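Peer 1: Handing over start.cif, mmCIF, C-alpha atoms.
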data_protein
#
loop_
_atom_site.label_atom_id
_atom_site.label_comp_id
_atom_site.auth_asym_id
_atom_site.auth_seq_id
_atom_site.Cartn_x
_atom_site.Cartn_y
_atom_site.Cartn_z
CA MET U 1426 46.44 183.15 65.43
CA TYR U 1427 46.01 184.43 69.00
CA LYS U 1428 47.85 181.41 70.43
CA LEU U 1429 50.85 182.23 68.22
CA PHE U 1430 50.64 185.88 69.26
CA PHE U 1431 50.39 184.85 72.90
CA ARG U 1432 53.44 182.59 72.64
CA LEU U 1433 55.59 185.07 70.73
CA LEU U 1434 54.68 188.26 72.61
CA PHE U 1435 52.75 187.87 75.85
CA THR U 1436 54.77 184.96 77.26
CA ARG U 1437 57.90 187.11 76.97
CA MET U 1438 56.31 189.87 79.01
CA ASP U 1439 55.63 190.17 82.70
CA PRO U 1440 52.05 188.87 83.13
CA GLU U 1441 50.76 192.04 84.76
CA GLN U 1442 52.39 194.19 82.08
CA ALA U 1443 50.80 192.00 79.40
CA HIS U 1444 47.42 192.35 81.09
CA HIS U 1445 47.65 196.14 81.08
CA LEU U 1446 48.71 196.16 77.41
CA ALA U 1447 45.82 193.95 76.32
CA PHE U 1448 43.46 195.93 78.52
CA ARG U 1449 44.58 199.17 76.88
CA TRP U 1450 43.93 197.74 73.40
CA ILE U 1451 40.43 196.62 74.39
CA ARG U 1452 39.59 200.03 75.83
CA LEU U 1453 40.91 201.85 72.77
CA ALA U 1454 38.99 199.61 70.35
CA ALA U 1455 35.77 200.23 72.26
CA ARG U 1456 36.19 204.00 71.81
CA VAL U 1457 36.25 203.84 67.99
CA PRO U 1458 32.65 203.64 66.72
CA VAL U 1459 33.19 201.78 63.44
CA LEU U 1460 35.81 199.45 64.88
CA ARG U 1461 33.78 198.51 67.96
CA THR U 1462 30.71 197.81 65.82
CA PHE U 1463 32.72 195.53 63.56
CA LEU U 1464 34.35 193.72 66.48
CA ALA U 1465 31.06 193.25 68.30
CA ALA U 1466 29.51 191.77 65.15
CA ALA U 1467 32.41 189.35 64.79
CA LEU U 1468 33.00 188.47 68.45
CA ALA U 1469 29.58 188.85 70.04
CA PRO U 1470 26.94 187.36 67.70
CA ARG U 1471 23.67 186.75 69.56
CA HIS U 1472 22.02 183.37 69.93
CA ARG U 1473 18.33 183.78 70.75
CA GLU U 1474 18.16 180.37 72.41
CA LEU U 1475 20.75 181.46 74.99
CA ARG U 1476 18.79 184.44 76.31
CA THR U 1477 18.83 184.24 80.07
CA GLU U 1478 16.82 185.67 82.93
CA ALA U 1479 18.56 185.65 86.30
CA LEU U 1480 18.52 187.85 89.41
CA GLY U 1481 15.52 189.62 87.92
CA LEU U 1482 17.70 190.71 84.98
CA ARG U 1483 17.58 189.89 81.28
CA MET U 1484 20.83 188.99 79.56
CA HIS U 1485 21.85 188.04 76.02
CA GLY U 1486 23.26 184.81 77.43
CA PRO U 1487 24.59 183.21 80.61
CA PHE U 1488 28.32 183.82 80.13
CA GLY U 1489 30.02 186.71 81.90
CA LEU U 1490 33.42 188.05 82.85
CA ALA U 1491 34.47 187.19 86.39
CA ALA U 1492 35.67 189.84 88.80
CA GLY U 1493 39.38 190.63 88.79
CA PHE U 1494 39.89 191.59 85.15
CA ASP U 1495 38.26 195.03 85.21
CA LYS U 1496 38.91 196.10 88.78
CA ASN U 1497 38.06 199.76 88.30
CA ALA U 1498 35.13 199.76 85.84
CA VAL U 1499 37.14 201.22 82.97
CA ALA U 1500 36.43 198.68 80.22
CA ILE U 1501 32.84 197.51 80.61
CA ASP U 1502 31.91 198.33 77.01
CA GLY U 1503 35.14 196.77 75.77
CA MET U 1504 34.34 193.49 77.48
CA ALA U 1505 30.76 193.57 76.22
CA MET U 1506 32.19 194.16 72.74
CA LEU U 1507 34.14 190.91 73.15
CA GLY U 1508 30.94 188.99 73.86
CA PHE U 1509 30.56 188.80 77.63
CA ASP U 1510 26.88 188.84 78.60
CA HIS U 1511 27.59 190.42 81.96
CA VAL U 1512 30.67 192.10 83.38
CA GLU U 1513 31.52 191.86 87.07
CA ILE U 1514 33.86 194.67 88.06
CA GLY U 1515 36.11 194.75 91.11
CA THR U 1516 36.97 193.67 93.62
CA VAL U 1517 36.39 197.24 94.91
CA THR U 1518 37.31 198.17 98.48
CA GLY U 1519 36.08 200.97 100.71
CA GLU U 1520 39.33 202.88 100.32
CA PRO U 1521 41.83 202.95 97.41
CA GLN U 1522 44.82 200.68 97.83
CA PRO U 1523 47.84 199.70 95.71
CA GLY U 1524 47.61 195.99 96.44
CA ASN U 1525 50.53 193.75 97.22
CA PRO U 1526 54.10 194.43 96.02
CA ARG U 1527 55.02 193.25 92.55
CA LYS U 1528 55.69 190.62 91.23
CA ARG U 1529 52.20 189.37 92.04
CA LEU U 1530 50.81 187.65 88.95
CA PHE U 1531 52.22 184.42 87.50
CA ARG U 1532 51.38 182.29 84.46
CA LEU U 1533 51.41 178.52 84.80
CA VAL U 1534 51.25 177.79 81.07
CA ALA U 1535 51.64 174.02 81.41
CA ASP U 1536 48.57 174.01 83.66
CA ARG U 1537 46.59 176.65 81.75
CA ALA U 1538 46.41 178.50 85.04
CA LEU U 1539 47.34 181.69 86.86
CA ILE U 1540 48.50 182.45 90.38
CA ASN U 1541 47.74 185.93 91.66
CA ARG U 1542 48.31 187.72 94.90
CA MET U 1543 47.19 191.11 93.65
CA GLY U 1544 45.67 192.10 96.99
CA PHE U 1545 42.60 194.00 95.78
CA ASN U 1546 44.52 196.77 94.02
CA ASN U 1547 41.85 199.30 93.01
CA ASP U 1548 40.88 202.97 93.00
CA GLY U 1549 38.46 202.65 95.93
CA SER U 1550 34.67 202.72 96.06
CA ALA U 1551 34.27 206.51 95.80
CA ALA U 1552 36.26 206.75 92.55
CA VAL U 1553 34.64 203.67 91.02
CA ALA U 1554 31.17 204.91 91.95
CA GLU U 1555 31.83 208.23 90.22
CA ARG U 1556 33.11 206.39 87.14
CA LEU U 1557 29.96 204.27 86.99
CA ARG U 1558 27.76 207.32 87.55
CA ALA U 1559 29.35 209.17 84.64
CA ARG U 1560 29.37 206.16 82.30
CA VAL U 1561 27.38 206.43 79.07
CA PRO U 1562 26.91 202.81 77.92
CA VAL U 1563 27.72 201.90 74.33
CA PHE U 1564 26.63 198.25 74.59
CA ARG U 1565 23.80 196.97 76.76
CA THR U 1566 25.25 194.64 79.35
CA VAL U 1567 24.59 193.71 82.96
CA VAL U 1568 27.15 195.16 85.39
CA GLY U 1569 27.88 193.41 88.66
CA VAL U 1570 29.92 195.07 91.39
CA ASN U 1571 32.16 192.89 93.56
CA ILE U 1572 33.13 194.43 96.91
CA GLY U 1573 35.79 193.40 99.41
CA LYS U 1574 37.50 194.52 102.60
CA THR U 1575 40.13 197.23 102.66
CA LYS U 1576 43.36 195.61 103.84
CA ALA U 1577 44.04 198.19 106.57
CA VAL U 1578 40.59 197.72 108.11
CA PRO U 1579 40.60 195.32 111.08
CA GLU U 1580 38.50 192.20 110.74
CA ALA U 1581 36.21 193.41 113.55
CA GLU U 1582 35.37 196.51 111.48
CA ALA U 1583 34.87 194.68 108.19
CA ALA U 1584 31.09 195.11 108.09
CA ALA U 1585 31.36 198.90 108.25
CA ASP U 1586 33.87 198.86 105.40
CA TYR U 1587 31.58 196.75 103.21
CA VAL U 1588 28.65 199.00 104.10
CA LYS U 1589 30.64 202.06 103.00
CA SER U 1590 31.23 200.50 99.59
CA THR U 1591 27.61 199.40 99.35
CA GLU U 1592 26.29 202.88 100.06
CA ARG U 1593 28.52 204.30 97.34
CA LEU U 1594 28.10 201.59 94.69
CA ALA U 1595 24.70 199.92 95.07
CA ARG U 1596 22.76 202.46 92.99
CA HIS U 1597 25.15 201.83 90.07
CA ALA U 1598 25.10 198.02 90.28
CA ASP U 1599 22.78 195.59 88.53
CA TYR U 1600 23.86 193.19 91.26
CA LEU U 1601 26.27 193.25 94.22
CA VAL U 1602 28.73 190.54 95.28
CA VAL U 1603 30.27 190.26 98.73
CA ASN U 1604 33.73 188.79 98.30
CA VAL U 1605 34.89 187.01 101.44
CA SER U 1606 36.95 184.36 99.68
CA SER U 1607 40.10 185.89 98.24
CA PRO U 1608 43.23 184.39 99.83
CA ASN U 1609 45.21 187.59 99.30
CA THR U 1610 43.78 189.84 102.03
CA PRO U 1611 44.79 188.72 105.54
CA GLY U 1612 41.86 187.45 107.57
CA LEU U 1613 39.33 187.83 104.74
CA ARG U 1614 38.47 184.15 104.45
CA ASN U 1615 37.66 184.07 108.17
CA LEU U 1616 34.54 186.04 107.24
CA GLN U 1617 33.16 182.94 105.48
CA ALA U 1618 32.39 181.39 108.87
CA THR U 1619 28.65 181.73 109.35
CA GLN U 1620 28.95 183.53 112.69
CA SER U 1621 30.89 186.30 110.90
CA LEU U 1622 29.11 186.07 107.56
CA ARG U 1623 25.56 186.45 108.93
CA PRO U 1624 25.99 189.97 110.41
CA LEU U 1625 28.13 191.07 107.46
CA LEU U 1626 25.58 190.05 104.82
CA THR U 1627 22.73 191.42 106.92
CA ALA U 1628 24.48 194.80 107.16
CA VAL U 1629 25.17 194.92 103.41
CA ARG U 1630 21.58 193.95 102.58
CA GLN U 1631 20.22 196.69 104.82
CA ALA U 1632 22.64 199.25 103.37
CA ALA U 1633 21.64 198.36 99.80
CA ASP U 1634 17.94 198.61 100.65
CA ARG U 1635 18.16 202.03 102.30
CA THR U 1636 20.47 203.37 99.56
CA VAL U 1637 18.40 202.17 96.60
CA THR U 1638 14.67 202.45 97.25
CA GLY U 1639 13.26 202.14 93.73
CA ARG U 1640 14.37 198.54 93.17
CA ARG U 1641 15.91 195.61 94.98
CA VAL U 1642 19.62 195.25 94.22
CA PRO U 1643 20.38 191.50 94.04
CA LEU U 1644 23.00 190.41 96.57
CA LEU U 1645 25.33 187.44 96.15
CA VAL U 1646 28.25 186.01 98.10
CA LYS U 1647 31.38 184.53 96.52
CA ILE U 1648 32.92 181.53 98.29
CA ALA U 1649 36.22 179.67 98.15
CA PRO U 1650 36.70 176.17 96.72
CA ASP U 1651 38.77 175.33 99.79
CA LEU U 1652 35.77 175.29 102.12
CA ALA U 1653 35.02 171.91 103.67
CA ASP U 1654 31.81 170.33 102.42
CA GLU U 1655 30.01 171.01 105.70
CA ASP U 1656 30.98 174.67 105.45
CA VAL U 1657 29.62 174.83 101.89
CA ASP U 1658 26.36 173.46 103.27
CA ALA U 1659 26.40 176.05 106.06
CA VAL U 1660 26.83 178.92 103.59
CA ALA U 1661 24.02 177.52 101.45
CA ASP U 1662 21.71 177.33 104.45
CA LEU U 1663 22.67 180.85 105.52
CA ALA U 1664 21.97 182.19 102.02
CA LEU U 1665 18.47 180.73 102.19
CA GLU U 1666 17.94 182.02 105.72
CA LEU U 1667 18.93 185.59 104.81
CA GLY U 1668 17.15 185.62 101.46
CA LEU U 1669 20.29 186.13 99.42
CA ASP U 1670 19.83 186.20 95.67
CA GLY U 1671 22.78 184.02 94.77
CA ILE U 1672 26.11 182.33 95.44
CA ILE U 1673 29.17 182.45 93.20
CA ALA U 1674 31.17 179.21 93.21
CA THR U 1675 34.08 179.59 93.31
CA ASN U 1676 36.98 181.97 93.91
CA THR U 1677 40.64 180.95 93.54
CA THR U 1678 42.23 178.13 95.54
CA ILE U 1679 45.31 177.89 97.73
CA ALA U 1680 45.68 174.19 96.82
CA ARG U 1681 48.54 173.16 94.54
CA ALA U 1682 48.01 169.41 94.03
CA GLY U 1683 48.67 167.88 90.63
CA LEU U 1684 50.30 170.86 88.93
CA LYS U 1685 52.73 170.31 86.04
CA SER U 1686 54.43 173.71 86.00
CA PRO U 1687 57.94 174.28 87.39
CA ALA U 1688 58.24 174.23 91.18
CA HIS U 1689 59.46 177.84 91.38
CA LEU U 1690 56.08 178.89 89.95
CA THR U 1691 53.80 176.51 91.82
CA ALA U 1692 55.47 177.56 95.08
CA GLU U 1693 54.33 181.17 94.66
CA THR U 1694 51.74 182.23 97.23
CA GLY U 1695 48.35 183.49 96.15
CA GLY U 1696 45.18 182.20 94.58
CA LEU U 1697 45.34 179.63 91.80
CA SER U 1698 42.81 179.98 88.99
CA GLY U 1699 42.23 178.28 85.68
CA ALA U 1700 42.03 174.65 84.58
CA PRO U 1701 43.23 173.02 87.86
CA LEU U 1702 40.23 174.56 89.63
CA LYS U 1703 37.72 172.88 87.33
CA GLU U 1704 36.95 169.71 89.25
CA ARG U 1705 36.57 171.21 92.73
CA SER U 1706 34.52 174.18 91.52
CA LEU U 1707 32.15 171.78 89.81
CA GLU U 1708 31.90 169.69 92.99
CA VAL U 1709 31.04 172.74 95.08
CA LEU U 1710 28.45 173.84 92.54
CA ARG U 1711 26.75 170.44 92.56
CA ARG U 1712 26.70 170.43 96.35
CA LEU U 1713 25.19 173.90 96.47
CA TYR U 1714 22.47 173.05 93.95
CA ALA U 1715 21.60 169.85 95.80
CA ARG U 1716 21.14 172.03 98.89
CA VAL U 1717 19.34 175.08 97.50
CA GLY U 1718 17.81 173.91 94.21
CA ASP U 1719 16.18 176.69 92.25
CA ARG U 1720 15.53 178.90 95.26
CA ILE U 1721 18.55 181.09 94.61
CA THR U 1722 20.76 181.76 91.59
CA LEU U 1723 24.07 179.91 91.38
CA VAL U 1724 26.98 181.27 89.34
CA GLY U 1725 29.61 178.78 88.19
CA VAL U 1726 33.18 180.00 87.78
CA GLY U 1727 36.62 178.38 87.91
CA GLY U 1728 38.31 176.45 85.12
CA ILE U 1729 35.72 177.13 82.41
CA GLU U 1730 37.82 176.78 79.27
CA ASN U 1731 35.29 175.79 76.64
CA ALA U 1732 31.62 175.25 75.87
CA GLU U 1733 31.62 171.75 77.32
CA ASP U 1734 32.86 173.09 80.66
CA ALA U 1735 30.14 175.75 80.56
CA TRP U 1736 27.46 173.19 79.67
CA GLN U 1737 28.53 170.93 82.55
CA ARG U 1738 28.16 173.87 84.99
CA ILE U 1739 24.66 174.54 83.72
CA LEU U 1740 23.68 170.88 84.06
CA ALA U 1741 25.18 170.92 87.56
CA GLY U 1742 23.05 173.88 88.64
CA ALA U 1743 24.51 177.17 87.41
CA THR U 1744 22.15 179.68 85.85
CA LEU U 1745 25.08 181.98 85.09
CA ILE U 1746 28.69 181.14 84.34
CA GLN U 1747 31.85 183.25 84.29
CA GLY U 1748 35.37 183.05 82.94
CA TYR U 1749 38.65 184.89 83.35
CA SER U 1750 41.86 182.83 83.25
CA ALA U 1751 40.96 181.00 80.03
CA PHE U 1752 40.39 184.39 78.39
CA VAL U 1753 44.07 185.14 78.98
CA TYR U 1754 45.07 181.95 77.19
CA GLN U 1755 42.42 181.89 74.44
CA GLY U 1756 42.03 185.52 73.56
CA PRO U 1757 39.24 187.54 71.94
CA PHE U 1758 37.30 184.60 70.45
CA TYR U 1759 36.83 182.99 73.87
CA ALA U 1760 33.27 184.19 74.53
CA ARG U 1761 32.20 183.60 70.93
CA ALA U 1762 33.34 179.98 71.11
CA ILE U 1763 31.52 179.47 74.42
CA HIS U 1764 28.28 180.86 73.01
CA LYS U 1765 28.46 178.89 69.77
CA GLY U 1766 29.20 175.64 71.58
CA LEU U 1767 26.51 176.21 74.22
CA ALA U 1768 23.88 176.88 71.55
CA ALA U 1769 24.87 173.67 69.74
CA ARG U 1770 24.68 171.61 72.94
CA LEU U 1771 21.31 173.07 73.91
CA ASN U 1772 19.88 172.41 70.45
CA ALA U 1773 21.11 168.81 70.59
CA SER U 1774 19.75 168.26 74.11
CA PRO U 1775 16.28 167.25 75.29
CA TYR U 1776 15.82 170.68 76.89
CA ALA U 1777 13.81 173.40 75.19
CA THR U 1778 15.57 176.21 77.06
CA LEU U 1779 18.69 176.79 79.10
CA ALA U 1780 16.50 177.26 82.16
CA GLU U 1781 15.25 173.68 81.77
CA ALA U 1782 18.83 172.41 81.65
CA VAL U 1783 19.92 174.14 84.85
CA GLY U 1784 20.61 171.48 87.47
CA ALA U 1785 19.32 168.61 85.34
CA ASP U 1786 22.26 166.30 86.03
CA THR U 1787 22.29 167.07 89.76
CA ARG U 1788 18.55 166.34 89.99
CA LYS U 1789 19.00 163.03 88.19
CA ALA U 1790 21.82 162.02 90.52
CA ALA U 1791 19.58 162.68 93.53
CA VAL U 1792 16.83 160.34 92.32
#
Since I need it in another form, could you write the structure as structure tokens?
Peer 2:
Amino acid sequence: MYKLFFRLLFTRMDPEQAHHLAFRWIRLAARVPVLRTFLAAALAPRHRELRTEALGLRMHGPFGLAAGFDKNAVAIDGMAMLGFDHVEIGTVTGEPQPGNPRKRLFRLVADRALINRMGFNNDGSAAVAERLRARVPVFRTVVGVNIGKTKAVPEAEAAADYVKSTERLARHADYLVVNVSSPNTPGLRNLQATQSLRPLLTAVRQAADRTVTGRRVPLLVKIAPDLADEDVDAVADLALELGLDGIIATNTTIARAGLKSPAHLTAETGGLSGAPLKERSLEVLRRLYARVGDRITLVGVGGIENAEDAWQRILAGATLIQGYSAFVYQGPFYARAIHKGLAARLNASPYATLAEAVGADTRKAAV
């Protein structure tokens, strides 16, 4: 039904306009008590065997919404209603910014993919922090906060910008993510080099610790799939050195190989997400797990379209998994299908729990 709706309505609309329309419907549904209860029962049934502990947090399951969908923390309950076990908001920058000029979001339907060059359009860390402070949760869900660099801030002053966001947002976050891997902010990916990343992550960690004294706010870094293998290894080693809590693999890619969509679409600049990212994101995840094992939490994201994709990420080493682009194509039953399929695969596997399955294939390959 949704696929027909998508083809007849959403494909005839500008992708960003369609996103805002769908987003508005989700937010409205979550405000109506009877309706949201009915939708949550239908779309977010719980599977006890999928209960997950990660980053010191308990979750209904391992499957969350990746950053980029709810940039301003306005639909957390709506996304929980649709079945996401955690919701990562953002990317949020130190100062509000409009992002890049439109048109900046493109559907590659033949590839089940998106290209975006949104440019971190968001309300800024002060406004988002106030929104999170005033929020009265309807559904229990873990909320991650993804922070990035304000475009106007010079690269040399990036750490101070991230610290500003951390000081405003850390107390409202179940976990924090430092985003240094979007291709849509000039110079941002340069911060993935370990000589730049070390002082940045150290500054954010210190800011989180002095801002929130009653608990440790888990800190993760999100990396690009376009990193060379040796750079992936370097980030993994740095994460261990600094005592990071996790790595998210991966953000969008600037690669365009093997796409089937028309050339005028594939030539658009920006980050490519969705199905074409699947293979490389899985490779990066396996490499990270081979390097860090169970010492830190790995989050698999990029091209997760179905339960089999999610199961392969878990076997490769991901404790948590996230989706975004496939949600656009598959609609409101996306998370439900992932959960149902994951539960079936776990029950048919030799593993008693999801935690036992994490990294199983990567460990076998290393023997």
Peer 1: The PyMOL selection byres ((chain U and resi 1783-1790) around 6) - which residues does that actually catch in the file I just gave you? List them as a PyMOL selection string.
Peer 2: chain U and resi 1739-1742+1780-1782+1791-1792
Peer 1: Can you list what the PyMOL selection byres ((chain U and resi 1515) around 6) grabs from this structure, as a PyMOL selection string?
Peer 2: chain U and resi 1492-1493+1496+1514+1516-1517+1571
Peer 1: Calculated over all atoms listed in the file, which of the candidates U:His1472, U:Arg1630, U:His1511, U:Arg1542 has the smallest distance to U:Pro1487?
Peer 2: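 Ranking U:His1472, U:Arg1630, U:His1511, U:Arg1542 by distance to U:Pro1487, first place goes to U:His1511.
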Peer 1: What are the centre and edge lengths in Å, to one decimal, of the axis-aligned box around all listed atoms of stretch 1652-1662 of chain U with 3 Å added on each side, as JSON?
Peer 2:
{"center_x": 28.7, "center_y": 174.6, "center_z": 103.8, "size_x": 20.1, "size_y": 14.6, "size_z": 10.6}
Peer 1: For U:Pro1757, which residue out of U:Trp1736, U:Phe1509, U:Tyr1587, U:Phe1435 is the nearest one, using only C-alpha atoms?
Peer 2: U:Phe1509
Peer 1: Starting from the displayed file, determine the output of the PyMOL selection byres ((chain U and resi 1709) around 8) and express the residue list as a compact mmCIF listing (two decimals) with C-alpha atoms, in the coordinates of the input.
Peer 2:
# COMPACT_ATOMS: atom_id res chain seq x y z
CA PRO U 1650 36.70 176.17 96.72
CA ASP U 1654 31.81 170.33 102.42
CA VAL U 1657 29.62 174.83 101.89
CA ALA U 1674 31.17 179.21 93.21
CA THR U 1675 34.08 179.59 93.31
CA ARG U 1705 36.57 171.21 92.73
CA SER U 1706 34.52 174.18 91.52
CA LEU U 1707 32.15 171.78 89.81
CA GLU U 1708 31.90 169.69 92.99
CA LEU U 1710 28.45 173.84 92.54
CA ARG U 1711 26.75 170.44 92.56
CA ARG U 1712 26.70 170.43 96.35
CA LEU U 1713 25.19 173.90 96.47
Peer 1: Within 9 Å of U:Ile1721, counting all atoms listed in the file, which residues show up once you throw out same-chain ones fewer than 4 positions away? Write them as an MDAnalysis selection string, please.
Peer 2: chainID U and resid 1480 1664:1665 1668:1672 1714 1717
Peer 1: Counting all atoms listed in the file, which residues come within 12 Å of (54.9, 195.6, 92.8), with the point read in the file's coordinates, and could you list them as an mmCIF file with C-alpha atoms, in the coordinates of the input?
Peer 2:
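Dumped to selection.cif:
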data_model
loop_
_atom_site.group_PDB
_atom_site.id
_atom_site.type_symbol
_atom_site.label_atom_id
_atom_site.label_comp_id
_atom_site.auth_asym_id
_atom_site.auth_seq_id
_atom_site.Cartn_x
_atom_site.Cartn_y
_atom_site.Cartn_z
ATOM 1 C CA ASP U 1439 55.630 190.170 82.700
ATOM 2 C CA GLU U 1441 50.760 192.040 84.760
ATOM 3 C CA GLN U 1442 52.390 194.190 82.080
ATOM 4 C CA PRO U 1523 47.840 199.700 95.710
ATOM 5 C CA GLY U 1524 47.610 195.990 96.440
ATOM 6 C CA ASN U 1525 50.530 193.750 97.220
ATOM 7 C CA PRO U 1526 54.100 194.430 96.020
ATOM 8 C CA ARG U 1527 55.020 193.250 92.550
ATOM 9 C CA LYS U 1528 55.690 190.620 91.230
ATOM 10 C CA ARG U 1529 52.200 189.370 92.040
ATOM 11 C CA LEU U 1530 50.810 187.650 88.950
ATOM 12 C CA ARG U 1542 48.310 187.720 94.900
ATOM 13 C CA MET U 1543 47.190 191.110 93.650
ATOM 14 C CA GLY U 1544 45.670 192.100 96.990
ATOM 15 C CA ASN U 1546 44.520 196.770 94.020
#
Peer 1: Using all atoms listed in the file, what residues lie at most 8 Å away from (28.6, 201.2, 100.7) (file coordinates), given as a list in words?
Peer 2: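 Answer for this query, in the requested form: Gly1519, Ser1550, Asp1586, Tyr1587, Val1588, Lys1589, Ser1590, Thr1591, Glu1592, Arg1593, Leu1594, Ala1595, Val1629, Ala1632 and Ala1633 of chain U.
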Peer 1: Hey, which of U:Pro1775, U:Gly1748, U:Gly1569, U:Gly1727 ends up closest to U:Pro1643? Count all atoms listed in the file.
Peer 2: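 Checking each of U:Pro1775, U:Gly1748, U:Gly1569, U:Gly1727 against U:Pro1643, counting all atoms listed in the file, the winner is U:Gly1569.
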Peer 1: Please provide as a count of residues only all residues within 8 Å of U:Ala1505, with the sequence filter that same-chain residues fewer than 6 positions apart are discarded (counting only C-alpha atoms).
Peer 2: 7
Peer 1: So what do you get for atom CA of U:Glu1474 versus atom CA of U:Leu1779, distance-wise?
Peer 2: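 According to the coordinates, atom CA of U:Glu1474 and atom CA of U:Leu1779 are separated by 7.6 Å.
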Peer 1: Between atom CA of U:Arg1461 and atom CA of U:Gly1503, measure the distance and give it in Å to one decimal.
Peer 2: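 Separation of atom CA of U:Arg1461 and atom CA of U:Gly1503: 8.1 Å.
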Peer 1: Applying 12 Å and all atoms listed in the file, which residues near U:Ala1581 remain after dropping the ones on its own chain fewer than 2 positions away? List them as a list of chain:residue names.
Peer 2: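 The residues satisfying every condition are U:Lys1574, U:Ala1577, U:Val1578, U:Pro1579, U:Ala1583, U:Ala1584, U:Ala1585, U:Asp1586, U:Tyr1587, U:Gly1612, U:Leu1613, U:Asn1615, U:Leu1616, U:Ser1621, U:Leu1622, U:Pro1624, U:Leu1625.
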Peer 1: Would you mind exporting the chosen residues as a PDB file, in the frame of the given file, restricted to C-alpha atoms?
Peer 2:
ATOM      1  CA  LYS U1574      37.500 194.520 102.600  1.00  0.00           C
ATOM      2  CA  ALA U1577      44.040 198.190 106.570  1.00  0.00           C
ATOM      3  CA  VAL U1578      40.590 197.720 108.110  1.00  0.00           C
ATOM      4  CA  PRO U1579      40.600 195.320 111.080  1.00  0.00           C
ATOM      5  CA  ALA U1583      34.870 194.680 108.190  1.00  0.00           C
ATOM      6  CA  ALA U1584      31.090 195.110 108.090  1.00  0.00           C
ATOM      7  CA  ALA U1585      31.360 198.900 108.250  1.00  0.00           C
ATOM      8  CA  ASP U1586      33.870 198.860 105.400  1.00  0.00           C
ATOM      9  CA  TYR U1587      31.580 196.750 103.210  1.00  0.00           C
ATOM     10  CA  GLY U1612      41.860 187.450 107.570  1.00  0.00           C
ATOM     11  CA  LEU U1613      39.330 187.830 104.740  1.00  0.00           C
ATOM     12  CA  ASN U1615      37.660 184.070 108.170  1.00  0.00           C
ATOM     13  CA  LEU U1616      34.540 186.040 107.240  1.00  0.00           C
ATOM     14  CA  SER U1621      30.890 186.300 110.900  1.00  0.00           C
ATOM     15  CA  LEU U1622      29.110 186.070 107.560  1.00  0.00           C
ATOM     16  CA  PRO U1624      25.990 189.970 110.410  1.00  0.00           C
ATOM     17  CA  LEU U1625      28.130 191.070 107.460  1.00  0.00           C
TER      18      LEU U1625
END
Peer 1: Let me make sure I understand: among U:Pro1608, U:Arg1681, U:Glu1580, U:Ala1498, which one has the smallest atom-to-atom distance to U:Arg1556 if we use all atoms listed in the file?
Peer 2: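 Of the candidates, the smallest distance to U:Arg1556 is held by U:Ala1498.
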Peer 1: Given all atoms listed in the file as the basis, pick out the residue of U:Gly1486, U:Asp1495, U:Ala1649, U:Leu1557 nearest to U:Arg1473.
Peer 2: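 Closest to U:Arg1473, using all atoms listed in the file: U:Gly1486.
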Peer 1: Using all atoms listed in the file, pick whichever of U:Gly1695, U:Gly1481, U:Pro1521, U:Pro1562 has the shortest atom-to-atom distance to U:Leu1644.
Peer 2: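 Between U:Gly1695, U:Gly1481, U:Pro1521, U:Pro1562, the residue approaching U:Leu1644 most closely is U:Gly1481.
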Peer 1: Expressed in Å to a single decimal, how great is the separation between atom CA of U:Ala1735 and atom CA of U:Lys1428?
Peer 2: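 Answer for the atom CA of U:Ala1735 to atom CA of U:Lys1428 separation: 21.2 Å.
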